[in-house]
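Data from model_5.pdb: PDB, C-alpha atoms
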```
ATOM      1  CA  MET A 217     100.591 128.116 -12.213
ATOM      2  CA  ASP A 218     101.525 125.419 -14.689
ATOM      3  CA  LEU A 219     100.910 127.061 -18.070
ATOM      4  CA  THR A 220     100.892 123.708 -19.784
ATOM      5  CA  ASN A 221      98.241 122.003 -17.711
ATOM      6  CA  ASP A 222      96.370 124.438 -15.476
ATOM      7  CA  LYS A 223      93.436 126.708 -16.314
ATOM      8  CA  ILE A 224      91.700 129.724 -14.816
ATOM      9  CA  MET A 225      88.044 129.006 -14.018
ATOM     10  CA  PHE A 226      85.251 131.395 -13.043
ATOM     11  CA  LEU A 227      82.666 129.518 -10.978
ATOM     12  CA  ASP A 228      79.733 129.912  -8.625
ATOM     13  CA  THR A 229      79.929 130.466  -4.880
ATOM     14  CA  GLN A 230      79.001 126.804  -4.283
ATOM     15  CA  GLN A 231      82.470 125.771  -5.473
ATOM     16  CA  ALA A 232      84.963 125.572  -2.619
ATOM     17  CA  ASP A 233      88.717 125.918  -2.392
ATOM     18  CA  GLY A 234      90.277 122.459  -2.522
ATOM     19  CA  ASP A 235      87.376 120.763  -4.275
ATOM     20  CA  SER A 236      88.481 117.848  -6.408
ATOM     21  CA  ARG A 237      88.849 118.834 -10.045
ATOM     22  CA  THR A 238      87.126 115.615 -11.020
ATOM     23  CA  GLY A 239      84.143 116.263  -8.777
ATOM     24  CA  ALA A 240      81.123 118.517  -9.223
ATOM     25  CA  LYS A 241      81.638 121.824 -10.976
ATOM     26  CA  TYR A 242      79.358 124.771 -10.257
ATOM     27  CA  PRO A 243      79.247 127.233 -13.150
ATOM     28  CA  THR A 244      78.288 130.849 -12.764
ATOM     29  CA  ILE A 245      74.516 131.325 -12.815
ATOM     30  CA  ILE A 246      73.288 133.741 -15.466
ATOM     31  CA  PRO A 247      71.365 136.573 -13.772
ATOM     32  CA  ALA A 248      67.703 137.227 -14.540
ATOM     33  CA  ALA A 249      68.505 140.883 -15.148
ATOM     34  CA  GLY A 250      71.524 143.127 -15.344
ATOM     35  CA  SER A 251      74.926 141.514 -15.014
ATOM     36  CA  LEU A 252      76.762 139.379 -12.495
ATOM     37  CA  GLU A 253      80.420 139.082 -11.651
ATOM     38  CA  ALA A 254      81.477 135.453 -11.323
ATOM     39  CA  GLN A 255      81.467 134.714  -7.618
ATOM     40  CA  LYS A 256      84.727 132.811  -7.329
ATOM     41  CA  THR A 257      87.938 132.361  -9.290
ATOM     42  CA  PHE A 258      90.018 129.189  -9.306
ATOM     43  CA  ILE A 259      93.079 127.629 -10.803
ATOM     44  CA  ASP A 260      92.209 124.184 -12.106
ATOM     45  CA  ASP A 261      95.360 122.575 -10.731
ATOM     46  CA  LEU A 262      96.043 119.393 -12.661
ATOM     47  CA  SER A 263      99.021 118.195 -10.630
ATOM     48  CA  ALA A 264      97.278 118.718  -7.272
ATOM     49  CA  THR A 265      93.964 117.479  -8.765
ATOM     50  CA  VAL A 266      92.036 120.262  -7.019
ATOM     51  CA  PHE A 267      90.544 123.689  -7.655
ATOM     52  CA  ASP A 268      92.778 126.278  -5.961
ATOM     53  CA  GLN A 269      90.851 129.432  -5.189
ATOM     54  CA  VAL A 270      92.305 132.841  -5.976
ATOM     55  CA  PRO A 271      90.531 134.685  -3.168
ATOM     56  CA  LEU A 272      91.672 138.213  -4.102
ATOM     57  CA  ALA A 273      90.542 137.965  -7.722
ATOM     58  CA  GLY A 274      87.809 140.255  -9.006
ATOM     59  CA  THR A 275      86.032 143.063  -7.204
ATOM     60  CA  THR A 276      83.806 143.379  -4.163
ATOM     61  CA  ASN A 277      80.891 142.677  -6.510
ATOM     62  CA  GLY A 278      82.085 139.078  -6.560
ATOM     63  CA  GLY A 279      81.703 136.520  -3.837
ATOM     64  CA  GLN A 280      85.223 136.335  -2.460
ATOM     65  CA  SER A 281      87.739 138.870  -1.178
ATOM     66  CA  GLY A 282      88.507 140.813  -4.325
ATOM     67  CA  GLY A 283      88.478 144.573  -4.537
ATOM     68  CA  ASN A 284      91.114 147.274  -4.462
ATOM     69  CA  LYS A 285      93.908 144.697  -4.338
ATOM     70  CA  ARG A 286      97.237 144.957  -6.100
ATOM     71  CA  TYR A 287      99.089 141.639  -5.886
ATOM     72  CA  VAL A 288      96.674 139.057  -7.262
ATOM     73  CA  PHE A 289      98.055 137.584 -10.495
ATOM     74  CA  ALA A 290     101.736 137.986 -11.388
ATOM     75  CA  ILE A 291     103.739 137.417 -14.533
ATOM     76  CA  TYR A 292     107.501 137.334 -14.140
ATOM     77  CA  PHE A 293     109.829 138.459 -16.919
ATOM     78  CA  ASP A 294     113.410 137.293 -16.479
ATOM     79  CA  GLY A 295     114.901 140.130 -18.501
ATOM     80  CA  ALA A 296     114.318 143.340 -20.427
ATOM     81  CA  THR A 297     111.787 143.694 -23.224
ATOM     82  CA  ALA A 298     111.837 145.921 -26.282
ATOM     83  CA  GLY A 299     108.224 147.022 -25.820
ATOM     84  CA  ILE A 300     105.383 147.103 -23.319
ATOM     85  CA  PRO A 301     104.034 143.606 -22.586
ATOM     86  CA  TYR A 302     100.293 143.175 -23.177
ATOM     87  CA  LEU A 303      97.707 140.732 -21.846
ATOM     88  CA  GLU A 304      95.164 139.601 -24.429
ATOM     89  CA  ALA A 305      92.390 137.032 -24.858
ATOM     90  CA  TRP A 306      91.686 134.964 -27.978
ATOM     91  CA  ASP A 307      89.318 132.245 -29.174
ATOM     92  CA  THR A 308      92.141 129.735 -29.489
ATOM     93  CA  ASN A 309      95.870 129.426 -29.441
ATOM     94  CA  ALA A 310      95.889 130.454 -33.106
ATOM     95  CA  HIS A 311      95.360 134.075 -31.983
ATOM     96  CA  THR A 312      93.258 134.959 -35.007
ATOM     97  CA  SER A 313      89.736 135.705 -33.754
ATOM     98  CA  ALA A 314      87.403 136.587 -30.879
ATOM     99  CA  PHE A 315      84.103 135.173 -32.122
ATOM    100  CA  LYS A 316      83.340 133.285 -28.907
ATOM    101  CA  THR A 317      80.532 134.604 -26.764
ATOM    102  CA  PHE A 318      82.847 134.721 -23.745
ATOM    103  CA  LEU A 319      84.873 137.289 -25.675
ATOM    104  CA  GLY A 320      81.874 139.339 -26.771
ATOM    105  CA  GLY A 321      81.307 137.725 -30.164
ATOM    106  CA  ASN A 322      78.181 136.030 -31.504
ATOM    107  CA  GLY A 323      79.764 132.592 -31.367
ATOM    108  CA  THR A 324      80.297 132.227 -35.086
ATOM    109  CA  ASP A 325      81.372 135.148 -37.236
ATOM    110  CA  THR A 326      81.029 138.475 -35.446
ATOM    111  CA  GLU A 327      83.461 140.061 -33.022
ATOM    112  CA  THR A 328      82.599 142.717 -30.449
ATOM    113  CA  PRO A 329      85.675 143.022 -28.212
ATOM    114  CA  ALA A 330      84.100 145.722 -26.046
ATOM    115  CA  ASN A 331      81.513 143.157 -24.886
ATOM    116  CA  SER A 332      84.020 140.551 -23.689
ATOM    117  CA  THR A 333      83.020 138.945 -20.393
ATOM    118  CA  LEU A 334      86.673 138.831 -19.325
ATOM    119  CA  GLN A 335      87.739 142.142 -17.811
ATOM    120  CA  ALA A 336      91.185 142.844 -16.460
ATOM    121  CA  ILE A 337      93.138 145.666 -14.859
ATOM    122  CA  THR A 338      96.861 146.258 -14.544
ATOM    123  CA  THR A 339      98.171 146.622 -11.009
ATOM    124  CA  THR A 340     101.905 146.521 -11.633
ATOM    125  CA  ASN A 341     102.491 150.014 -10.310
ATOM    126  CA  ALA A 342      99.420 150.647  -8.143
ATOM    127  CA  ALA A 343      96.216 149.114  -6.825
ATOM    128  CA  PRO A 344      93.118 149.612  -9.008
ATOM    129  CA  GLY A 345      91.961 152.618  -6.981
ATOM    130  CA  ALA A 346      88.443 151.305  -6.440
ATOM    131  CA  ALA A 347      87.015 148.171  -4.857
ATOM    132  CA  THR A 348      84.636 147.836  -7.790
ATOM    133  CA  TRP A 349      87.121 148.544 -10.563
ATOM    134  CA  SER A 350      85.717 148.292 -14.080
ATOM    135  CA  GLY A 351      88.696 146.909 -15.948
ATOM    136  CA  THR A 352      89.191 146.548 -19.688
ATOM    137  CA  PRO A 353      87.337 143.894 -21.712
ATOM    138  CA  LEU A 354      89.847 141.429 -23.163
ATOM    139  CA  ALA A 355      89.491 140.353 -26.792
ATOM    140  CA  LYS A 356      92.205 140.295 -29.476
ATOM    141  CA  THR A 357      94.690 143.144 -29.742
ATOM    142  CA  THR A 358      91.691 145.454 -30.121
ATOM    143  CA  SER A 359      90.906 145.469 -26.419
ATOM    144  CA  ARG A 360      93.732 144.484 -24.092
ATOM    145  CA  ILE A 361      95.756 145.750 -21.153
ATOM    146  CA  SER A 362      99.358 146.915 -21.044
ATOM    147  CA  LEU A 363     101.056 145.299 -18.082
ATOM    148  CA  ASP A 364     103.421 148.192 -17.411
ATOM    149  CA  ALA A 365     103.872 151.812 -18.401
ATOM    150  CA  ALA A 366     106.940 151.228 -20.554
ATOM    151  CA  ALA A 367     109.208 148.532 -21.933
ATOM    152  CA  LEU A 368     110.997 146.615 -19.194
ATOM    153  CA  THR A 369     114.645 147.493 -18.639
ATOM    154  CA  VAL A 370     115.204 144.832 -15.996
ATOM    155  CA  ALA A 371     113.645 141.558 -14.892
ATOM    156  CA  LYS A 372     110.505 142.156 -12.858
ATOM    157  CA  ASN A 373     107.074 140.991 -11.846
ATOM    158  CA  MET A 374     104.009 142.504 -13.465
ATOM    159  CA  TYR A 375     100.647 142.282 -11.745
ATOM    160  CA  PHE A 376      97.032 142.261 -12.837
ATOM    161  CA  ASN A 377      93.571 141.284 -11.658
ATOM    162  CA  ILE A 378      90.822 139.710 -13.711
ATOM    163  CA  LYS A 379      87.100 138.996 -13.413
ATOM    164  CA  GLN A 380      84.305 137.597 -15.523
ATOM    165  CA  VAL A 381      81.057 139.513 -15.822
ATOM    166  CA  ILE A 382      78.056 137.727 -17.335
ATOM    167  CA  GLY A 383      74.984 139.598 -18.581
ATOM    168  CA  SER A 384      71.394 138.394 -18.391
ATOM    169  CA  THR A 385      71.300 137.798 -22.151
ATOM    170  CA  PHE A 386      74.333 135.543 -22.119
ATOM    171  CA  VAL A 387      73.717 132.159 -23.715
ATOM    172  CA  PRO A 388      75.054 129.240 -21.647
ATOM    173  CA  VAL A 389      78.206 127.786 -23.128
ATOM    174  CA  GLN A 390      81.283 125.914 -22.033
ATOM    175  CA  ASP A 391      84.580 126.569 -23.749
ATOM    176  CA  SER A 392      88.060 125.564 -22.731
ATOM    177  CA  ALA A 393      89.821 126.651 -25.929
ATOM    178  CA  ILE A 394      89.835 130.359 -25.040
ATOM    179  CA  VAL A 395      93.310 131.506 -24.103
ATOM    180  CA  LEU A 396      94.853 134.405 -22.294
ATOM    181  CA  ALA A 397      98.042 135.390 -24.062
ATOM    182  CA  LEU A 398     101.028 137.528 -23.270
ATOM    183  CA  ARG A 399     102.394 139.579 -26.182
ATOM    184  CA  TYR A 400     105.854 141.114 -25.900
ATOM    185  CA  LEU A 401     108.901 142.251 -27.816
ATOM    186  CA  TYR A 402     112.486 141.103 -27.439
ATOM    187  CA  SER A 403     115.635 141.867 -29.303
TER     188      SER A 403
ATOM    189  CA  MET B 162     120.542 135.756 -55.863
ATOM    190  CA  ILE B 163     118.212 133.323 -54.223
ATOM    191  CA  ALA B 164     121.107 131.222 -52.992
ATOM    192  CA  GLN B 165     122.684 134.228 -51.284
ATOM    193  CA  GLY B 166     119.376 135.117 -49.736
ATOM    194  CA  GLY B 167     119.079 131.557 -48.539
ATOM    195  CA  ILE B 168     122.468 131.617 -46.856
ATOM    196  CA  LEU B 169     121.856 134.964 -45.207
ATOM    197  CA  ALA B 170     118.159 134.492 -44.618
ATOM    198  CA  TRP B 171     116.810 135.656 -41.255
ATOM    199  CA  ARG B 172     120.045 137.435 -40.396
ATOM    200  CA  ILE B 173     120.750 141.077 -39.644
ATOM    201  CA  ARG B 174     123.740 142.847 -41.151
ATOM    202  CA  VAL B 175     124.827 146.179 -39.766
ATOM    203  CA  ARG B 176     127.441 148.449 -41.311
ATOM    204  CA  PHE B 177     129.081 150.757 -38.785
ATOM    205  CA  ALA B 178     130.180 154.341 -39.235
ATOM    206  CA  GLY B 179     133.869 155.180 -39.136
ATOM    207  CA  LYS B 180     136.902 153.162 -40.166
ATOM    208  CA  LEU B 181     137.599 151.203 -37.010
ATOM    209  CA  PRO B 182     137.094 147.472 -37.380
ATOM    210  CA  PRO B 183     134.836 145.646 -37.474
ATOM    211  CA  VAL B 184     133.109 147.621 -40.199
ATOM    212  CA  GLU B 185     130.120 145.305 -40.179
ATOM    213  CA  TYR B 186     128.406 142.680 -38.051
ATOM    214  CA  LEU B 187     126.309 139.751 -39.219
ATOM    215  CA  SER B 188     123.949 138.223 -36.683
ATOM    216  CA  PRO B 189     123.049 134.555 -36.416
ATOM    217  CA  ASP B 190     119.676 133.328 -37.693
ATOM    218  CA  VAL B 191     117.352 135.326 -35.457
ATOM    219  CA  ARG B 192     114.610 132.683 -35.572
ATOM    220  CA  HIS B 193     116.723 130.341 -33.499
ATOM    221  CA  ALA B 194     119.339 132.504 -31.758
ATOM    222  CA  ASN B 195     119.269 135.559 -29.563
ATOM    223  CA  PRO B 196     119.527 138.524 -31.942
ATOM    224  CA  GLY B 197     121.775 140.208 -29.384
ATOM    225  CA  TRP B 198     120.576 143.683 -30.325
ATOM    226  CA  ASP B 199     121.398 144.941 -26.831
ATOM    227  CA  ASP B 200     124.863 143.408 -26.941
ATOM    228  CA  GLU B 201     128.124 145.273 -27.401
ATOM    229  CA  ALA B 202     128.356 144.106 -31.020
ATOM    230  CA  PHE B 203     125.596 146.526 -32.031
ATOM    231  CA  ASN B 204     126.592 149.453 -29.843
ATOM    232  CA  ARG B 205     128.264 151.647 -32.427
ATOM    233  CA  GLN B 206     126.951 154.325 -34.689
ATOM    234  CA  MET B 207     125.343 152.650 -37.689
ATOM    235  CA  GLU B 208     125.440 153.514 -41.371
ATOM    236  CA  SER B 209     122.921 150.927 -42.446
ATOM    237  CA  LEU B 210     120.800 148.021 -41.294
ATOM    238  CA  GLU B 211     119.798 145.082 -43.483
ATOM    239  CA  PHE B 212     117.472 142.181 -42.777
ATOM    240  CA  PHE B 213     117.715 139.234 -45.151
ATOM    241  CA  LEU B 214     114.618 137.323 -46.221
ATOM    242  CA  PRO B 215     114.421 133.709 -47.406
ATOM    243  CA  THR B 216     113.165 134.915 -50.806
ATOM    244  CA  GLY B 217     116.540 136.342 -51.801
ATOM    245  CA  HIS B 218     115.476 139.856 -50.900
ATOM    246  CA  LYS B 219     116.520 142.134 -48.086
ATOM    247  CA  ILE B 220     115.061 145.076 -46.259
ATOM    248  CA  MET B 221     117.561 147.889 -46.285
ATOM    249  CA  LEU B 222     117.587 150.968 -44.116
ATOM    250  CA  ALA B 223     120.320 153.607 -44.398
ATOM    251  CA  GLY B 224     120.788 157.260 -43.580
ATOM    252  CA  MET B 225     118.454 157.021 -40.591
ATOM    253  CA  GLU B 226     118.846 158.967 -37.367
ATOM    254  CA  ALA B 227     118.328 155.784 -35.333
ATOM    255  CA  TYR B 228     117.681 152.102 -35.931
ATOM    256  CA  ASN B 229     115.837 149.359 -34.114
ATOM    257  CA  PHE B 230     115.178 145.677 -34.529
ATOM    258  CA  PHE B 231     112.813 143.593 -32.427
ATOM    259  CA  ILE B 232     110.814 140.402 -32.460
ATOM    260  CA  GLU B 233     107.148 140.156 -31.461
ATOM    261  CA  ALA B 234     106.305 136.992 -29.559
ATOM    262  CA  THR B 235     103.331 135.574 -27.729
ATOM    263  CA  GLN B 236     102.996 133.127 -24.872
ATOM    264  CA  SER B 237      99.601 131.563 -24.364
ATOM    265  CA  PHE B 238      98.323 130.419 -21.009
ATOM    266  CA  SER B 239      97.302 127.185 -22.650
ATOM    267  CA  ARG B 240      98.115 123.520 -22.747
ATOM    268  CA  ARG B 241      98.612 123.907 -26.490
ATOM    269  CA  GLY B 242     100.657 127.015 -25.988
ATOM    270  CA  GLY B 243     104.285 127.876 -25.660
ATOM    271  CA  ALA B 244     106.147 130.978 -26.721
ATOM    272  CA  ARG B 245     106.148 131.607 -30.430
ATOM    273  CA  ILE B 246     107.415 134.267 -32.795
ATOM    274  CA  GLU B 247     104.661 136.310 -34.428
ATOM    275  CA  SER B 248     106.728 138.738 -36.484
ATOM    276  CA  PHE B 249     110.032 140.536 -36.985
ATOM    277  CA  PHE B 250     110.331 144.326 -37.114
ATOM    278  CA  VAL B 251     113.020 146.479 -38.702
ATOM    279  CA  ALA B 252     112.715 150.161 -37.884
ATOM    280  CA  GLY B 253     114.442 153.411 -38.742
ATOM    281  CA  LYS B 254     113.757 156.938 -37.496
ATOM    282  CA  LEU B 255     113.802 159.475 -40.293
ATOM    283  CA  PRO B 256     116.294 162.313 -39.733
ATOM    284  CA  ALA B 257     114.831 165.390 -38.050
ATOM    285  CA  LEU B 258     111.291 164.010 -38.280
ATOM    286  CA  PRO B 259     109.188 162.310 -35.556
ATOM    287  CA  VAL B 260     108.449 159.478 -37.967
ATOM    288  CA  VAL B 261     109.502 155.833 -37.949
ATOM    289  CA  GLU B 262     109.836 153.693 -41.059
ATOM    290  CA  LEU B 263     108.582 150.323 -39.846
ATOM    291  CA  TRP B 264     108.933 147.051 -41.730
ATOM    292  CA  ARG B 265     107.064 144.015 -40.446
ATOM    293  CA  ILE B 266     107.838 140.462 -41.503
ATOM    294  CA  GLY B 267     105.145 138.065 -40.343
ATOM    295  CA  ASP B 268     102.209 135.917 -41.454
ATOM    296  CA  GLY B 269     104.081 135.207 -44.692
ATOM    297  CA  ARG B 270     104.096 138.862 -45.686
ATOM    298  CA  VAL B 271     106.313 141.897 -45.605
ATOM    299  CA  THR B 272     104.573 145.174 -44.890
ATOM    300  CA  ARG B 273     105.912 148.715 -44.734
ATOM    301  CA  ASP B 274     104.383 151.382 -42.581
ATOM    302  CA  ARG B 275     105.115 154.761 -41.085
ATOM    303  CA  LYS B 276     104.425 155.334 -37.412
ATOM    304  CA  PRO B 277     104.802 158.297 -35.060
ATOM    305  CA  TRP B 278     108.092 158.310 -33.175
ATOM    306  CA  GLY B 279     107.434 157.034 -29.670
ATOM    307  CA  ALA B 280     104.294 155.168 -30.729
ATOM    308  CA  GLU B 281     105.703 152.774 -33.272
ATOM    309  CA  TRP B 282     104.384 149.488 -31.877
ATOM    310  CA  GLY B 283     100.865 149.088 -30.536
ATOM    311  CA  GLY B 284     100.733 152.834 -30.093
ATOM    312  CA  THR B 285     103.595 152.763 -27.620
ATOM    313  CA  ALA B 286     107.341 153.270 -27.670
ATOM    314  CA  THR B 287     109.998 150.629 -28.127
ATOM    315  CA  ARG B 288     113.420 150.560 -26.534
ATOM    316  CA  GLY B 289     116.764 149.527 -27.993
ATOM    317  CA  TRP B 290     117.245 152.328 -30.515
ATOM    318  CA  LYS B 291     120.796 152.631 -31.871
ATOM    319  CA  LEU B 292     122.368 155.831 -33.113
ATOM    320  CA  GLY B 293     122.581 156.204 -36.872
ATOM    321  CA  LEU B 294     124.801 158.297 -39.120
ATOM    322  CA  VAL B 295     122.854 161.022 -40.878
ATOM    323  CA  GLY B 296     123.934 163.072 -43.861
ATOM    324  CA  ALA B 297     123.196 160.854 -46.811
ATOM    325  CA  ASP B 298     119.679 160.546 -48.208
ATOM    326  CA  PRO B 299     117.595 158.129 -46.122
ATOM    327  CA  VAL B 300     116.923 154.754 -47.702
ATOM    328  CA  SER B 301     114.071 152.414 -46.782
ATOM    329  CA  ALA B 302     113.596 149.726 -49.389
ATOM    330  CA  LEU B 303     112.987 146.094 -50.175
ATOM    331  CA  VAL B 304     115.625 145.030 -52.703
ATOM    332  CA  GLU B 305     117.269 141.911 -54.084
ATOM    333  CA  ALA B 306     120.002 140.707 -51.783
TER     334      ALA B 306
END
```
For the structure just supplied, provide its representation as structure tokens.
Amino acid sequence: MDLTNDKIMFLDTQQADGDSRTGAKYPTIIPAAGSLEAQKTFIDDLSATVFDQVPLAGTTNGGQSGGNKRYVFAIYFDGATAGIPYLEAWDTNAHTSAFKTFLGGNGTDTETPANSTLQAITTTNAAPGAATWSGTPLAKTTSRISLDAAALTVAKNMYFNIKQVIGSTFVPVQDSAIVLALRYLYS
Amino acid sequence: MIAQGGILAWRIRVRFAGKLPPVEYLSPDVRHANPGWDDEAFNRQMESLEFFLPTGHKIMLAGMEAYNFFIEATQSFSRRGGARIESFFVAGKLPALPVVELWRIGDGRVTRDRKPWGAEWGGTATRGWKLGLVGADPVSALVEA
């Protein structure tokens, strides 16, 4: 994944692997009741100009091949760290707030990290343990996942899986400023 | 005073226990260079640890059972992203107590806190602790450089 140009996108089942990124986009449809896991997960691949599907993302509640899978998304560290690396989500690259509705906020001035639609689980050392894993809502440092059990002593890959779950009361919105961020210590 | 702080700003100075040279080590500017905390240069018992600020002040820790220094950074998965330093931490474990004196330099502020040993950052442990020399009264202070 090109961190400079690519994005993660959660879309409807009508979107297909290899679709042109400049063609039609099919957003997740808000359910009439309850909640719905986004059916498909893609990397918006700028250099290849297509949507690359991540078929193992999410759970079996989605519309692809997610579930109790361990090696879905990987982050490689090329050396030791001084603390546990964390995966977080923020409104913008400023890393100051989580007001956006995608992250559980009211869109303007209220944050509710526990209601974030982005939910992730660490799989560095084991698979989730359930095909319908719940995950941890991602918003700020308040609600995040540790990517390993301890600070890294050597270079290694860390793994996680992520899904988006939309409730029936969700207000339609499009936002490309939201960022996933890795927080770590070095010395 | 301010001039000295300016010259030494963003550097770590460690004074080592014993009489074998070198008796101290001064790091490069840790904003732009690898602090090298895991390197051989820091791997001796320490008497004190100082971190110099651009204001002409320094954070001074002495008499601690162990010392640590680390930098918090973030890397966004974003086109506007890139790794960036969020804050610097200077830490000392109080002798015979499961308590860490933790200084944070970030967001234009210096804050002092006490955290449980083994849960000093984000509720979890950090690695890289160096052995200190205990005996004298512990010092944890922000003073003029």
Might you pull out every residue within 7 Å of Lys219 of chain B, with all atoms listed in the file counted and same-chain residues fewer than 4 positions away left off, and present them as a ChimeraX atom specification?
/B:211-214,303-306
Assuming the chain letters and numbering stay as they are in my file, what does the PyMOL selection byres ((chain A) within 9 of (chain B)) actually select? List them as a short mmCIF file (atom, residue, chain, number, x, y, z; two decimals) with C-alpha atoms, keeping the file's coordinate frame.
```
data_model
loop_
_atom_site.label_atom_id
_atom_site.label_comp_id
_atom_site.auth_asym_id
_atom_site.auth_seq_id
_atom_site.Cartn_x
_atom_site.Cartn_y
_atom_site.Cartn_z
CA ASP A 218 101.52 125.42 -14.69
CA LEU A 219 100.91 127.06 -18.07
CA THR A 220 100.89 123.71 -19.78
CA ASN A 221 98.24 122.00 -17.71
CA ASP A 222 96.37 124.44 -15.48
CA LYS A 223 93.44 126.71 -16.31
CA THR A 297 111.79 143.69 -23.22
CA ALA A 298 111.84 145.92 -26.28
CA GLY A 299 108.22 147.02 -25.82
CA ILE A 300 105.38 147.10 -23.32
CA THR A 308 92.14 129.74 -29.49
CA ASN A 309 95.87 129.43 -29.44
CA THR A 357 94.69 143.14 -29.74
CA ALA A 366 106.94 151.23 -20.55
CA ALA A 367 109.21 148.53 -21.93
CA LEU A 368 111.00 146.62 -19.19
CA THR A 369 114.64 147.49 -18.64
CA ALA A 393 89.82 126.65 -25.93
CA ILE A 394 89.84 130.36 -25.04
CA VAL A 395 93.31 131.51 -24.10
CA LEU A 396 94.85 134.40 -22.29
CA ALA A 397 98.04 135.39 -24.06
CA LEU A 398 101.03 137.53 -23.27
CA ARG A 399 102.39 139.58 -26.18
CA TYR A 400 105.85 141.11 -25.90
CA LEU A 401 108.90 142.25 -27.82
CA TYR A 402 112.49 141.10 -27.44
CA SER A 403 115.64 141.87 -29.30
#
```
Picked residues, the PyMOL selection byres ((chain B and resi 260-265) around 6), as a VMD selection string
chain B and resid 249 to 255 258 to 259 266 271 to 278
For the residues selected in the previous step, produce a file with C-alpha atoms as a short mmCIF file (atom, residue, chain, number, x, y, z; two decimals), in the coordinates of the input.
```cif
data_model
loop_
_atom_site.label_atom_id
_atom_site.label_comp_id
_atom_site.auth_asym_id
_atom_site.auth_seq_id
_atom_site.Cartn_x
_atom_site.Cartn_y
_atom_site.Cartn_z
CA PHE B 249 110.03 140.54 -36.98
CA PHE B 250 110.33 144.33 -37.11
CA VAL B 251 113.02 146.48 -38.70
CA ALA B 252 112.72 150.16 -37.88
CA GLY B 253 114.44 153.41 -38.74
CA LYS B 254 113.76 156.94 -37.50
CA LEU B 255 113.80 159.48 -40.29
CA LEU B 258 111.29 164.01 -38.28
CA PRO B 259 109.19 162.31 -35.56
CA ILE B 266 107.84 140.46 -41.50
CA VAL B 271 106.31 141.90 -45.60
CA THR B 272 104.57 145.17 -44.89
CA ARG B 273 105.91 148.72 -44.73
CA ASP B 274 104.38 151.38 -42.58
CA ARG B 275 105.12 154.76 -41.08
CA LYS B 276 104.42 155.33 -37.41
CA PRO B 277 104.80 158.30 -35.06
CA TRP B 278 108.09 158.31 -33.17
#
```
Could you check which of A:Asn373, A:Thr324, A:Thr352, A:Gln280 is closest to Gly295 of chain A, using all atoms listed in the file?
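Closest to Gly295 of chain A, using all atoms listed in the file: A:Asn373.
Interatomic distance, atom CA of Leu363 of chain A against atom CA of Met217 of chain A: 18.2 Å.
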Rounded to one decimal place, report the atom CA of Gly179 of chain B-atom CA of Ala297 of chain B distance in Å.
14.3 Å
Reconstruct segment 172-183 of chain B at the level of N, CA and C atoms, and format the result as a PDB file, in the coordinates of the input.
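Heads up, here's the output in result.pdb:
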```
ATOM      1  N   ARG B 172     118.921 136.831 -41.114  1.00  0.00           N
ATOM      2  CA  ARG B 172     120.045 137.435 -40.396  1.00  0.00           C
ATOM      3  C   ARG B 172     120.007 138.952 -40.564  1.00  0.00           C
ATOM      4  N   ILE B 173     120.613 139.616 -39.603  1.00  0.00           N
ATOM      5  CA  ILE B 173     120.750 141.077 -39.644  1.00  0.00           C
ATOM      6  C   ILE B 173     122.196 141.394 -40.003  1.00  0.00           C
ATOM      7  N   ARG B 174     122.379 142.354 -40.904  1.00  0.00           N
ATOM      8  CA  ARG B 174     123.740 142.847 -41.151  1.00  0.00           C
ATOM      9  C   ARG B 174     123.761 144.348 -40.907  1.00  0.00           C
ATOM     10  N   VAL B 175     124.685 144.758 -40.091  1.00  0.00           N
ATOM     11  CA  VAL B 175     124.827 146.179 -39.766  1.00  0.00           C
ATOM     12  C   VAL B 175     126.184 146.663 -40.270  1.00  0.00           C
ATOM     13  N   ARG B 176     126.178 147.801 -40.944  1.00  0.00           N
ATOM     14  CA  ARG B 176     127.441 148.449 -41.311  1.00  0.00           C
ATOM     15  C   ARG B 176     127.629 149.659 -40.388  1.00  0.00           C
ATOM     16  N   PHE B 177     128.822 149.712 -39.778  1.00  0.00           N
ATOM     17  CA  PHE B 177     129.081 150.757 -38.785  1.00  0.00           C
ATOM     18  C   PHE B 177     129.745 151.971 -39.417  1.00  0.00           C
ATOM     19  N   ALA B 178     129.525 153.111 -38.790  1.00  0.00           N
ATOM     20  CA  ALA B 178     130.180 154.341 -39.235  1.00  0.00           C
ATOM     21  C   ALA B 178     131.641 154.329 -38.794  1.00  0.00           C
ATOM     22  N   GLY B 179     132.463 155.095 -39.495  1.00  0.00           N
ATOM     23  CA  GLY B 179     133.869 155.180 -39.136  1.00  0.00           C
ATOM     24  C   GLY B 179     134.703 154.087 -39.786  1.00  0.00           C
ATOM     25  N   LYS B 180     135.998 154.107 -39.506  1.00  0.00           N
ATOM     26  CA  LYS B 180     136.902 153.162 -40.166  1.00  0.00           C
ATOM     27  C   LYS B 180     137.460 152.110 -39.216  1.00  0.00           C
ATOM     28  N   LEU B 181     137.080 152.190 -37.957  1.00  0.00           N
ATOM     29  CA  LEU B 181     137.599 151.203 -37.010  1.00  0.00           C
ATOM     30  C   LEU B 181     136.938 149.852 -37.243  1.00  0.00           C
ATOM     31  N   PRO B 182     137.709 148.793 -37.218  1.00  0.00           N
ATOM     32  CA  PRO B 182     137.094 147.472 -37.380  1.00  0.00           C
ATOM     33  C   PRO B 182     136.345 147.073 -36.107  1.00  0.00           C
ATOM     34  N   PRO B 183     135.360 146.203 -36.219  1.00  0.00           N
ATOM     35  CA  PRO B 183     134.836 145.646 -37.474  1.00  0.00           C
ATOM     36  C   PRO B 183     133.924 146.658 -38.162  1.00  0.00           C
TER      37      PRO B 183
END
```
